[in-house]
Structures are given as C-alpha cells and as structure tokens.
file entry31.cif (mmCIF, C-alpha atoms)
data_work
loop_
_atom_site.label_atom_id
_atom_site.label_comp_id
_atom_site.auth_asym_id
_atom_site.auth_seq_id
_atom_site.Cartn_x
_atom_site.Cartn_y
_atom_site.Cartn_z
CA ALA A 419 123.30 72.01 127.50
CA VAL A 420 125.66 68.98 127.71
CA GLN A 421 129.03 69.68 126.05
CA THR A 422 130.80 66.92 124.06
CA MET A 423 133.76 67.33 121.62
CA SER A 424 132.75 69.90 118.94
CA LYS A 425 129.10 69.01 119.39
CA VAL A 426 126.53 70.13 121.88
CA LYS A 427 123.19 68.52 122.77
CA LEU A 428 120.36 71.01 122.99
CA THR A 429 116.68 70.74 123.73
CA LYS A 430 114.26 72.39 121.30
CA ALA A 431 113.50 74.96 124.04
CA ASP A 432 117.24 75.85 124.28
CA ALA A 433 117.41 76.16 120.49
CA ARG A 434 114.32 78.42 120.40
CA LYS A 435 115.95 80.78 122.91
CA ILE A 436 119.07 81.11 120.71
CA ILE A 437 116.93 81.57 117.58
CA LEU A 438 114.88 84.35 119.19
CA TYR A 439 117.93 86.07 120.68
CA ALA A 440 119.61 86.05 117.24
CA ALA A 441 116.42 87.44 115.66
CA GLY A 442 116.19 90.21 118.27
CA LEU A 443 112.91 88.92 119.70
CA THR A 444 113.71 88.09 123.33
CA LYS A 445 111.87 91.23 124.49
CA ARG A 446 110.07 94.21 123.00
CA ALA A 447 113.08 96.56 122.74
CA GLN A 448 116.11 94.24 122.66
CA PHE A 449 118.10 97.01 120.92
CA GLY A 450 116.63 99.93 122.86
CA ARG A 451 114.77 102.82 121.23
CA GLY A 452 115.32 105.60 118.73
CA LYS A 453 117.23 105.77 115.45
CA GLU A 454 120.42 104.25 116.91
CA ALA A 455 118.43 101.15 117.88
CA VAL A 456 117.39 100.80 114.21
CA TYR A 457 121.04 100.82 113.14
CA ASP A 458 121.97 98.42 115.97
CA PHE A 459 119.28 95.99 114.83
CA ILE A 460 120.45 96.06 111.18
CA ASP A 461 124.05 95.74 112.34
CA HIS A 462 123.07 92.78 114.55
CA ILE A 463 121.20 90.77 111.88
CA GLY A 464 123.43 91.94 109.01
CA PHE A 465 120.64 91.79 106.43
CA LEU A 466 117.15 93.30 106.57
CA GLN A 467 114.98 91.95 103.75
CA VAL A 468 113.17 94.51 101.60
CA ASP A 469 109.71 93.76 100.27
CA THR A 470 107.28 95.85 98.22
CA ASN A 471 103.98 94.33 99.45
CA TYR A 472 101.96 97.20 100.97
CA VAL A 473 98.84 95.36 102.28
CA VAL A 474 100.18 96.37 105.69
CA GLU A 475 103.37 98.43 106.22
CA ARG A 476 106.25 97.09 104.11
CA ALA A 477 108.25 94.18 105.55
CA HIS A 478 111.50 96.07 106.20
CA HIS A 479 109.70 98.76 108.23
CA HIS A 480 107.51 96.14 109.94
CA SER A 481 110.56 94.08 111.03
CA ILE A 482 112.17 97.16 112.57
CA TRP A 483 108.93 98.24 114.30
CA SER A 484 108.70 94.78 115.93
CA ARG A 485 112.06 95.50 117.65
CA VAL A 486 112.02 99.28 118.03
CA PRO A 487 108.62 100.31 119.48
CA ASP A 488 108.97 104.06 118.77
CA TYR A 489 110.12 103.46 115.18
CA LYS A 490 109.51 106.14 112.55
CA VAL A 491 109.84 105.02 108.91
CA GLU A 492 111.97 108.06 108.01
CA TRP A 493 114.76 106.76 110.27
CA LEU A 494 115.60 104.07 107.72
CA ASP A 495 115.73 106.74 104.96
CA GLU A 496 118.03 108.83 107.17
CA LEU A 497 120.39 105.89 107.80
CA GLN A 498 120.64 105.46 104.02
CA SER A 499 121.24 109.15 103.32
CA GLU A 500 123.89 109.18 106.08
CA SER A 501 125.56 106.26 104.22
CA ARG A 502 125.36 103.97 107.26
CA VAL A 503 123.36 101.25 105.49
CA TYR A 504 123.15 100.24 101.84
CA GLU A 505 120.78 98.04 99.83
CA PHE A 506 121.93 95.09 97.74
CA TRP A 507 121.36 91.36 97.21
CA THR A 508 122.21 88.23 99.15
CA ARG A 509 119.34 85.71 98.78
CA ASP A 510 116.98 88.67 98.22
CA SER A 511 117.29 92.44 98.24
CA GLY A 512 118.00 93.88 101.67
CA TYR A 513 119.71 96.53 103.80
CA MET A 514 123.18 95.86 105.19
CA PRO A 515 125.70 97.85 107.27
CA MET A 516 127.76 100.13 105.00
CA ASP A 517 131.05 99.12 106.65
CA GLU A 518 130.59 95.66 105.09
CA PHE A 519 130.14 97.07 101.58
CA ARG A 520 133.15 95.18 100.19
CA PHE A 521 131.28 91.87 100.49
CA SER A 522 128.89 93.04 97.76
CA TYR A 523 131.78 92.89 95.23
CA THR A 524 131.68 89.07 95.12
CA LEU A 525 128.07 89.17 93.93
CA LYS A 526 128.60 92.11 91.59
CA LYS A 527 131.41 90.26 89.84
CA GLU A 528 129.17 87.19 89.61
CA PHE A 529 126.25 89.15 88.13
CA ALA A 530 128.52 90.99 85.65
CA GLY A 531 129.86 87.66 84.38
CA ARG A 532 126.40 86.21 83.77
CA TRP A 533 125.30 88.72 81.17
CA LYS A 534 126.73 89.64 77.77
CA PRO A 535 125.22 92.98 76.65
CA THR A 536 124.45 93.73 73.01
CA PRO A 537 126.10 96.80 71.34
CA VAL A 538 122.76 98.68 71.69
CA GLU A 539 122.65 97.90 75.44
CA VAL A 540 126.28 98.94 75.89
CA THR A 541 125.50 102.32 74.26
CA LEU A 542 122.40 102.81 76.43
CA MET A 543 124.34 102.02 79.61
CA ARG A 544 127.10 104.44 78.63
CA LYS A 545 124.50 107.19 78.07
CA ILE A 546 122.90 106.49 81.46
CA LEU A 547 126.24 106.62 83.30
CA ASP A 548 127.11 109.85 81.47
CA ARG A 549 123.81 111.50 82.43
CA ILE A 550 124.07 110.50 86.10
CA SER A 551 127.68 111.73 86.28
CA ARG A 552 126.55 115.13 84.90
CA GLU A 553 123.12 115.54 86.54
CA GLY A 554 123.48 113.58 89.79
CA PRO A 555 121.20 110.78 91.07
CA LEU A 556 118.19 109.91 88.89
CA MET A 557 115.13 107.63 89.01
CA ALA A 558 113.92 105.26 86.28
CA ARG A 559 111.16 107.74 85.43
CA ASP A 560 113.79 110.40 84.61
CA PHE A 561 114.64 108.46 81.45
CA GLU A 562 112.39 108.82 78.43
CA ASN A 563 109.87 106.08 77.81
CA ASP A 564 111.96 104.01 75.42
CA ARG A 565 109.45 101.17 75.20
CA VAL A 566 108.52 100.10 71.67
CA VAL A 567 105.64 97.78 72.56
CA LYS A 568 103.04 97.92 75.35
CA SER A 569 104.09 96.53 78.75
CA LYS A 570 103.00 92.96 79.56
CA GLY A 571 103.07 93.57 83.33
CA TRP A 572 105.16 94.94 86.22
CA TRP A 573 108.06 92.57 85.41
CA ASP A 574 108.19 93.65 81.76
CA TRP A 575 110.62 96.54 82.20
CA ARG A 576 111.53 99.02 79.51
CA PRO A 577 115.15 99.05 78.21
CA SER A 578 116.35 101.98 80.35
CA LYS A 579 114.99 100.34 83.55
CA VAL A 580 116.72 97.04 82.61
CA ALA A 581 119.96 98.95 81.99
CA LEU A 582 119.70 100.81 85.33
CA GLU A 583 119.12 97.55 87.22
CA ARG A 584 122.05 95.84 85.49
CA LEU A 585 124.33 98.78 86.25
CA GLN A 586 123.29 98.43 89.87
CA MET A 587 123.81 94.66 89.87
CA ASP A 588 127.32 94.90 88.42
CA GLY A 589 128.26 97.74 90.80
CA ARG A 590 128.62 100.68 88.42
CA LEU A 591 125.62 102.31 90.09
CA VAL A 592 124.29 102.09 93.65
CA THR A 593 120.73 102.75 94.78
CA THR A 594 119.02 104.37 97.70
CA ARG A 595 115.26 104.58 98.25
CA VAL A 596 113.34 107.82 98.42
CA LYS A 597 110.18 108.38 100.48
CA ASN A 598 107.70 106.72 98.09
CA PHE A 599 109.90 103.60 97.83
CA GLN A 600 111.26 104.64 94.41
CA LYS A 601 114.89 103.78 93.68
CA LEU A 602 117.41 106.56 93.20
CA TYR A 603 120.43 105.51 91.07
CA ASP A 604 123.79 107.17 91.72
CA LEU A 605 127.53 106.69 91.19
CA PRO A 606 129.22 104.70 93.99
CA ASP A 607 131.68 107.53 94.78
CA ASN A 608 128.77 109.83 95.64
CA VAL A 609 127.25 107.36 98.11
CA ILE A 610 130.04 105.17 99.55
CA PRO A 611 132.06 107.05 102.20
CA SER A 612 135.76 107.45 101.36
CA GLY A 613 136.95 105.63 104.50
CA ILE A 614 135.10 102.37 103.68
CA ASP A 615 137.27 99.29 102.96
CA LYS A 616 136.88 98.50 99.24
CA THR A 617 139.13 95.44 98.95
CA GLU A 618 137.45 92.52 97.22
CA PRO A 619 137.17 89.51 99.55
CA THR A 620 138.53 86.10 98.59
CA LYS A 621 135.97 83.29 98.08
CA GLU A 622 136.83 81.97 101.55
CA GLU A 623 136.44 85.41 103.16
CA TYR A 624 133.09 85.90 101.43
CA ALA A 625 131.94 82.43 102.53
CA ARG A 626 132.95 83.02 106.16
CA HIS A 627 131.29 86.44 106.20
CA THR A 628 128.08 84.86 104.85
CA ILE A 629 128.21 82.05 107.44
CA ARG A 630 128.80 84.45 110.37
CA ARG A 631 126.09 86.84 109.20
CA THR A 632 123.49 84.15 108.43
CA LEU A 633 124.02 82.14 111.60
CA GLY A 634 124.28 85.36 113.62
CA ALA A 635 120.73 86.20 112.48
CA LEU A 636 119.25 82.67 112.49
CA GLY A 637 120.87 81.48 115.74
CA VAL A 638 120.48 77.77 115.01
CA ALA A 639 120.22 76.55 111.42
CA TYR A 640 120.54 73.69 108.97
CA VAL A 641 123.50 73.73 106.54
CA ASN A 642 121.24 74.43 103.53
CA GLU A 643 119.73 77.47 105.25
CA ILE A 644 123.20 78.87 105.94
CA ALA A 645 124.30 78.20 102.35
CA TRP A 646 121.08 79.73 100.91
CA SER A 647 122.41 83.28 101.44
CA GLY A 648 125.28 82.56 99.05
CA LYS A 649 123.10 80.89 96.43
CA PHE A 650 124.00 83.34 93.64
CA VAL A 651 127.76 82.66 93.87
CA LYS A 652 129.09 79.92 91.60
CA GLY A 653 131.54 77.40 93.05
CA ASN A 654 130.49 78.43 96.52
CA VAL A 655 132.75 77.19 99.33
CA ILE A 656 130.26 77.82 102.15
CA LYS A 657 129.75 74.15 103.02
CA GLU A 658 133.52 73.48 103.19
CA GLU A 659 134.08 76.61 105.33
CA ILE A 660 131.30 75.55 107.73
CA LYS A 661 133.24 72.32 108.43
CA LYS A 662 136.51 74.23 108.92
CA MET A 663 134.91 76.79 111.24
CA ASN A 664 133.45 73.91 113.25
CA GLU A 665 136.90 72.31 113.57
CA GLU A 666 138.34 75.69 114.62
CA GLY A 667 135.63 76.05 117.30
CA GLU A 668 133.81 79.13 115.95
CA LEU A 669 130.77 77.04 114.98
CA THR A 670 129.30 74.24 117.06
CA LEU A 671 127.42 71.21 115.72
CA VAL A 672 124.08 70.93 117.46
CA GLU A 673 122.28 67.67 118.25
CA ILE A 674 118.55 67.90 118.92
CA ASP A 675 116.32 64.90 119.62
CA GLY A 676 114.12 64.06 116.68
CA LEU A 677 115.89 66.35 114.18
CA LYS A 678 118.24 65.20 111.45
CA GLY A 679 121.32 67.42 111.09
CA PRO A 680 123.78 68.73 110.44
CA ILE A 681 122.55 71.73 112.45
CA TYR A 682 124.93 74.47 113.61
CA THR A 683 125.09 77.44 115.94
CA LEU A 684 127.77 80.04 116.72
CA ALA A 685 129.82 78.92 119.73
CA SER A 686 129.43 82.44 121.20
CA PHE A 687 125.63 81.96 121.49
CA LEU A 688 126.11 78.97 123.83
CA LYS A 689 127.86 81.21 126.38
CA LYS A 690 124.94 83.63 126.65
CA LYS A 691 122.33 83.46 129.40
CA ILE A 692 119.20 84.17 127.37
CA LYS A 693 115.92 85.12 129.06
CA LEU A 694 112.62 85.40 127.18
CA SER A 695 110.26 88.14 128.37
CA GLY A 696 107.09 86.53 127.03
CA ASP A 697 106.28 89.69 125.04
CA THR A 698 103.78 89.57 122.16
CA PHE A 699 104.92 90.23 118.60
CA ILE A 700 102.85 90.62 115.41
CA LEU A 701 105.50 89.71 112.84
CA SER A 702 106.02 90.23 109.13
CA PRO A 703 105.98 87.10 106.92
CA PHE A 704 109.44 88.23 105.72
CA ASP A 705 110.81 88.64 109.24
CA ILE A 706 114.14 86.81 109.63
CA VAL A 707 112.53 84.37 112.09
CA ASN A 708 109.90 83.36 109.50
CA VAL A 709 112.00 83.01 106.35
CA PHE A 710 112.63 79.25 106.50
CA ARG A 711 109.51 77.09 106.73
CA LYS A 712 111.31 73.88 107.82
CA ARG A 713 112.91 75.63 110.81
CA LEU A 714 109.56 76.99 112.00
CA LYS A 715 108.06 73.53 111.77
CA ASP A 716 110.99 71.71 113.41
CA PHE A 717 111.79 74.13 116.24
CA PHE A 718 108.44 75.87 116.90
CA ASP A 719 105.97 73.26 115.64
CA PHE A 720 104.46 76.05 113.51
CA ASP A 721 103.50 75.13 109.94
CA TYR A 722 103.62 78.47 108.18
CA GLN A 723 103.53 79.51 104.56
CA ILE A 724 103.00 82.97 103.14
CA GLU A 725 99.96 82.59 100.92
CA CYS A 726 100.29 85.65 98.65
CA PHE A 727 102.34 83.25 96.48
CA VAL A 728 99.54 80.64 96.52
CA THR A 729 96.49 80.78 94.21
CA ALA A 730 93.34 82.08 95.95
CA PRO A 731 91.44 78.73 96.05
CA LYS A 732 94.38 77.05 97.82
CA ARG A 733 94.72 79.66 100.58
CA LYS A 734 93.90 78.38 104.07
CA TYR A 735 94.47 81.47 106.20
CA GLY A 736 94.53 84.47 103.83
CA TYR A 737 96.60 86.45 101.35
CA PHE A 738 99.13 87.95 103.81
CA SER A 739 98.81 86.34 107.22
CA LEU A 740 101.12 87.63 109.96
CA PRO A 741 102.54 85.19 112.54
CA ILE A 742 101.83 86.14 116.17
CA LEU A 743 104.52 85.12 118.64
CA VAL A 744 104.22 85.11 122.44
CA GLY A 745 107.45 84.18 124.22
CA ASP A 746 108.65 81.19 122.18
CA THR A 747 105.20 80.05 120.98
CA PHE A 748 103.36 81.05 117.82
CA ILE A 749 99.81 81.42 119.13
CA ALA A 750 98.05 82.68 116.00
CA ARG A 751 98.27 84.08 112.48
CA MET A 752 96.43 87.16 111.34
CA ASP A 753 95.47 88.04 107.78
CA SER A 754 94.96 91.80 107.72
CA LYS A 755 94.79 94.82 105.45
CA ALA A 756 95.36 98.48 106.24
CA ASP A 757 93.02 100.97 104.57
CA ARG A 758 95.06 104.12 105.08
CA LYS A 759 92.42 106.47 103.57
CA GLU A 760 89.66 105.21 105.87
CA LYS A 761 92.22 104.72 108.68
CA MET A 762 90.90 101.20 109.27
CA LEU A 763 92.79 97.99 109.93
CA THR A 764 90.67 95.04 108.84
CA VAL A 765 91.58 91.64 110.26
CA ASN A 766 90.10 89.30 107.64
CA ASN A 767 91.02 86.19 109.59
CA LEU A 768 92.49 85.79 113.07
CA HIS A 769 93.33 82.10 113.33
CA PHE A 770 94.51 80.76 116.69
CA GLU A 771 96.82 77.73 116.70
CA ASP A 772 96.13 74.64 118.77
CA VAL A 773 97.95 75.99 121.85
CA LYS A 774 96.84 77.22 125.28
CA VAL A 775 95.87 80.90 125.15
CA THR A 776 95.16 82.76 128.41
CA LYS A 777 93.03 85.87 128.99
CA ALA A 778 96.20 87.78 129.86
CA MET A 779 97.70 86.79 126.49
CA ILE A 780 94.59 88.05 124.68
CA SER A 781 94.84 91.36 126.59
CA GLU A 782 98.46 91.78 125.50
CA LEU A 783 97.50 90.87 121.94
CA CYS A 784 94.89 93.68 122.06
CA ASP A 785 97.59 96.18 123.11
CA GLU A 786 99.82 94.95 120.29
CA LEU A 787 96.92 95.17 117.80
CA ILE A 788 96.29 98.80 118.76
CA ALA A 789 100.01 99.61 118.38
CA PHE A 790 100.11 97.77 115.04
CA ALA A 791 97.06 99.70 113.75
CA LYS A 792 98.69 103.00 114.76
CA PHE A 793 101.92 101.97 113.01
CA ASN A 794 99.81 101.35 109.88
CA GLN A 795 98.21 104.84 110.14
CA CYS A 796 94.89 103.31 111.22
CA LYS A 797 92.61 104.44 114.05
CA SER A 798 90.03 101.64 114.10
CA ILE A 799 90.22 97.83 113.98
CA VAL A 800 87.60 95.46 112.55
CA ILE A 801 87.85 91.69 113.02
CA ALA A 802 85.87 89.85 110.35
CA LYS A 803 86.59 86.23 111.25
CA CYS A 804 88.15 84.28 114.14
CA ASN A 805 88.23 80.57 115.00
CA ASN A 806 88.18 81.18 118.78
CA LYS A 807 84.83 82.57 119.99
CA ALA A 808 85.93 83.32 123.55
CA ALA A 809 89.05 85.13 122.37
CA LEU A 810 87.05 87.11 119.81
CA LYS A 811 84.53 88.19 122.45
CA GLN A 812 87.35 89.39 124.75
CA ILE A 813 89.17 91.20 121.91
CA ARG A 814 86.01 92.99 120.79
CA SER A 815 85.18 94.13 124.32
CA GLU A 816 88.77 95.31 124.99
CA LEU A 817 89.13 97.10 121.65
#
call {"tool": "encode", "arguments": {"input": "entry31.cif", "output": "structure tokens"}}
result
Amino acid sequence: AVQTMSKVKLTKADARKIILYAAGLTKRAQFGRGKEAVYDFIDHIGFLQVDTNYVVERAHHHSIWSRVPDYKVEWLDELQSESRVYEFWTRDSGYMPMDEFRFSYTLKKEFAGRWKPTPVEVTLMRKILDRISREGPLMARDFENDRVVKSKGWWDWRPSKVALERLQMDGRLVTTRVKNFQKLYDLPDNVIPSGIDKTEPTKEEYARHTIRRTLGALGVAYVNEIAWSGKFVKGNVIKEEIKKMNEEGELTLVEIDGLKGPIYTLASFLKKKIKLSGDTFILSPFDIVNVFRKRLKDFFDFDYQIECFVTAPKRKYGYFSLPILVGDTFIARMDSKADRKEKMLTVNNLHFEDVKVTKAMISELCDELIAFAKFNQCKSIVIAKCNNKAALKQIRSEL
C-alpha cells in the first residue's frame, strides 16, 4: 500500500484481505472455538443479521458456524439468556453486544415518533404491559386471538401482535428468542443488566458508532453502504461524520484502480498484516460479506443475488443459493435444501464460477459439504445438478 495524505492506494487483492479479515473469514476459526468464540465474533462484527428462512439452518446460526466450527445453536440462546447479546434493528433485525444497548435508543425514539396510536391501541398496549409486569415474559400466542377477520397472510398480524411489536420498537418491551425461534417479550428491567450504560447518545455519537461498527464489519466500503445501517434515522449525520473522521485520521479514503469512490476503510486495518489461509467456506446469503451486491461485484468479481426474492421463472441458480468462498475467490454457488426428517441434504444446483478449480479444492469442498450436512442435521448428501462434470464426478466418488 502506498500512503499519501489522508488517502491510501490499494489493489483489489489488498482490499479483499481487509474485507475478509473484517468479516472473520481469513481462516476457519478466526475467533477460536466454543461459546466464547461466538460472543467474540458478534462483538467483532457488532451486528449479526437474523433471518427466518429455514431451507437450510437459519442465517444467524449459519454465519456463526462458518466462523466457529464446533458451534452449537443453543450457545446463541445462552448468550441471550445471560444478557450478553440483545436483538434489535439497524438496517435489519440482528444480534448486538449488550454493552452497546444505549445505541438502540436513537432508533427507538425514531420509531416511537413515527406512529400515532389510536385510543383503542393505547388501551391494548397498556393491558399488554400490565400483564407482562404481573406474569413475566410472554409470547404473542399467550394473548387471545383478537382477530376480527381472517388473516390475509403471515404479514397480516392480529392487533395484539402489532401492539407487542410496536412496544418492542419503541423500547417499552425487549425480546429474546426461545428454542423454536419464537419471540419472548419482556420488560427491559428484567433483561438489561443494571450495570449497562443507559445514556442516550447524541446524533453525532450514534453516527460515529454506526460508522465504526459498519466499517469494522465490512472492512472496505462505499459511503452509501456505511450510511445504509443508519437508514431509519431521520436527519442522519453519518455522511458528515465520515468526512470528519477521515480528517481526524480514524478513517482512510481508499483509492482502487477502476473503482469510483469515495471508498473508506478504518485506519487501524491498514496496520494489520493479514494472511489468508485459503480455507473453504459455504456461506449464508445473509452473511455480512454477502450483504452488498455492488461490493461483491467490484472487489470479488462475483455477481450474486439471493433469488428467494425473485419470481421462480427469473431464477438462474435457485431459490436459496449459498456462495462458496475459497481464500479470496468465490468458486461456486450452491442451491440446497435440508430435509431434517429424512436427514438428507439435497444440492439442487451446484454452479461453479468461471474460475480455476483444482482437485485439492474439490476435496476440501467435499469436507466442508459433509460438515455443512451434519450442521443441518443431515447424514446423506444428494447432488441433483452441476455445471462441472469433472468436479461432480470427483465429489460423488469422495462423498
């Protein structure tokens, strides 16, 4: 890297190293093993996106498993019940370190100001808060079915569910997840440890926290990607604070041949000697490294889109294809489905990218496939379709 004033010139390969270090993907167990490694990973990226899609193991568990090889899904539940992580919104719903709880107040205030409840809703919310204060934490199903008309779909919530969600969004309730992914609603005092800082941040403090956290997880990013995490906050000062933090030296402007900026990194990343192990990762579509399509295209030359949001006739690779990363190269994408009753992982489509793939890489992919099947409670693997005959032959013989 060639240092100039507050700018630095990087190659795409340099940038990829920083991106993968920030994402925790330089080697199989960048954070070590065991439950503490799970906390260290969440603490490192600051925000672990939650997703409900259960075609394969849910995205939040999948992202942890990619970094912590011996991961057990109950460890995340334990970290919640120990009040070490909490779930709330930034750009989506996700887990964050509990000691940063005060930064949720900015959003809660924002959400509270966006909604004017009717007298009926106010009464319902008061009743809900009263019941939870008397009975302890409750789920949506603990409230009577107060629907007047038939549901139009999963998004058409009944009044008590709407009230519970709004009480969570404005901060009067907090949620944890129980084993079957159901939300448990409780009063903040019962969940938030007494020693946690509860002072509301200023707009500037919130902006700087968001910048540090987002860039800390993305490594190298465009301004709009950094600002995206604060998208729900009106009058956001993220873009102004980025400029100030660059002038102060905490952020560095990055110049990369062929890419139009402004692109930034944390100055601290430039001091690190980052080595990539060349390990193989089967990643979740919602993994932090895959969230922004433009970045994948620009830095990794990988044109990726999650197709569960695309109508079936327009899908090229499959409903829920998982990017496969080896070192700093995406070698393939794999559309798969776990049948937990039959204990079978079906790979509907294993599509290799137009990159060089060696026999050794295929062998490592087989090991990773076996581990991924086990993680999904599956004992056998079936590959229905693959665009690389030689690779398919080797995989079938090794599996």
call {"tool": "atom_distance", "arguments": {"input": "entry31.cif", "atom1": "CA of Val538 (chain A)", "atom2": "CA of Asp604 (chain A)"}}
result
21.8 Å
call {"tool": "resolve_selection", "arguments": {"input": "entry31.cif", "expression": "the PyMOL selection byres ((chain A and resi 751) around 12)", "output": "JSON, numbers by chain"}}
result
{"A": [699, 700, 701, 702, 703, 720, 721, 722, 723, 724, 725, 734, 735, 736, 737, 738, 739, 740, 741, 742, 743, 744, 747, 748, 749, 750, 752, 753, 754, 765, 766, 767, 768, 769, 770, 771, 772, 783, 803, 804, 805]}
call {"tool": "closest_residue", "arguments": {"input": "entry31.cif", "among": "A:Lys689, A:Arg544, A:Lys759, A:Arg576", "to": "Arg559 (chain A)", "atoms": "only C-alpha atoms"}}
result
A:Arg576
call {"tool": "closest_residue", "arguments": {"input": "entry31.cif", "among": "A:Trp646, A:Phe704, A:Tyr603, A:Trp507", "to": "Leu591 (chain A)", "atoms": "all atoms listed in the file"}}
result
A:Tyr603
call {"tool": "closest_residue", "arguments": {"input": "entry31.cif", "among": "A:Val592, A:Val638, A:Val540, A:Ala789", "to": "Trp483 (chain A)", "atoms": "all atoms listed in the file"}}
result
A:Ala789
call {"tool": "closest_residue", "arguments": {"input": "entry31.cif", "among": "A:Val426, A:Leu443, A:Val580, A:Ser522", "to": "Gly745 (chain A)", "atoms": "all atoms listed in the file"}}
result
A:Leu443
call {"tool": "closest_residue", "arguments": {"input": "entry31.cif", "among": "A:Asn471, A:Thr776, A:Gln795, A:Ser815", "to": "Lys490 (chain A)", "atoms": "only C-alpha atoms"}}
result
A:Gln795
call {"tool": "atom_distance", "arguments": {"input": "entry31.cif", "atom1": "CA of Glu562 (chain A)", "atom2": "CA of Ser578 (chain A)"}}
result
8.1 Å
call {"tool": "closest_residue", "arguments": {"input": "entry31.cif", "among": "A:Arg509, A:Phe519, A:Val491, A:Ile437", "to": "Leu684 (chain A)", "atoms": "all atoms listed in the file"}}
result
A:Ile437
call {"tool": "resolve_selection", "arguments": {"input": "entry31.cif", "expression": "the PyMOL selection byres ((chain A and resi 624) around 10)", "output": "PyMOL selection string"}}
result
chain A and resi 520-525+618-623+625-629+648+651+654-656
call {"tool": "atom_distance", "arguments": {"input": "entry31.cif", "atom1": "CA of His480 (chain A)", "atom2": "CA of Ile460 (chain A)"}}
result
13.0 Å
call {"tool": "residues_around", "arguments": {"input": "entry31.cif", "residues": "Ala778 (chain A)", "least_positions_apart": "4", "cutoff": "12 Å", "atoms": "all atoms listed in the file", "output": "list in words"}}
result
Gly696, Asp697, Thr698, Val744, Lys774, Glu782, Leu783, Cys784, Asp785, Ala809, Gln812, Ile813 and Glu816 of chain A
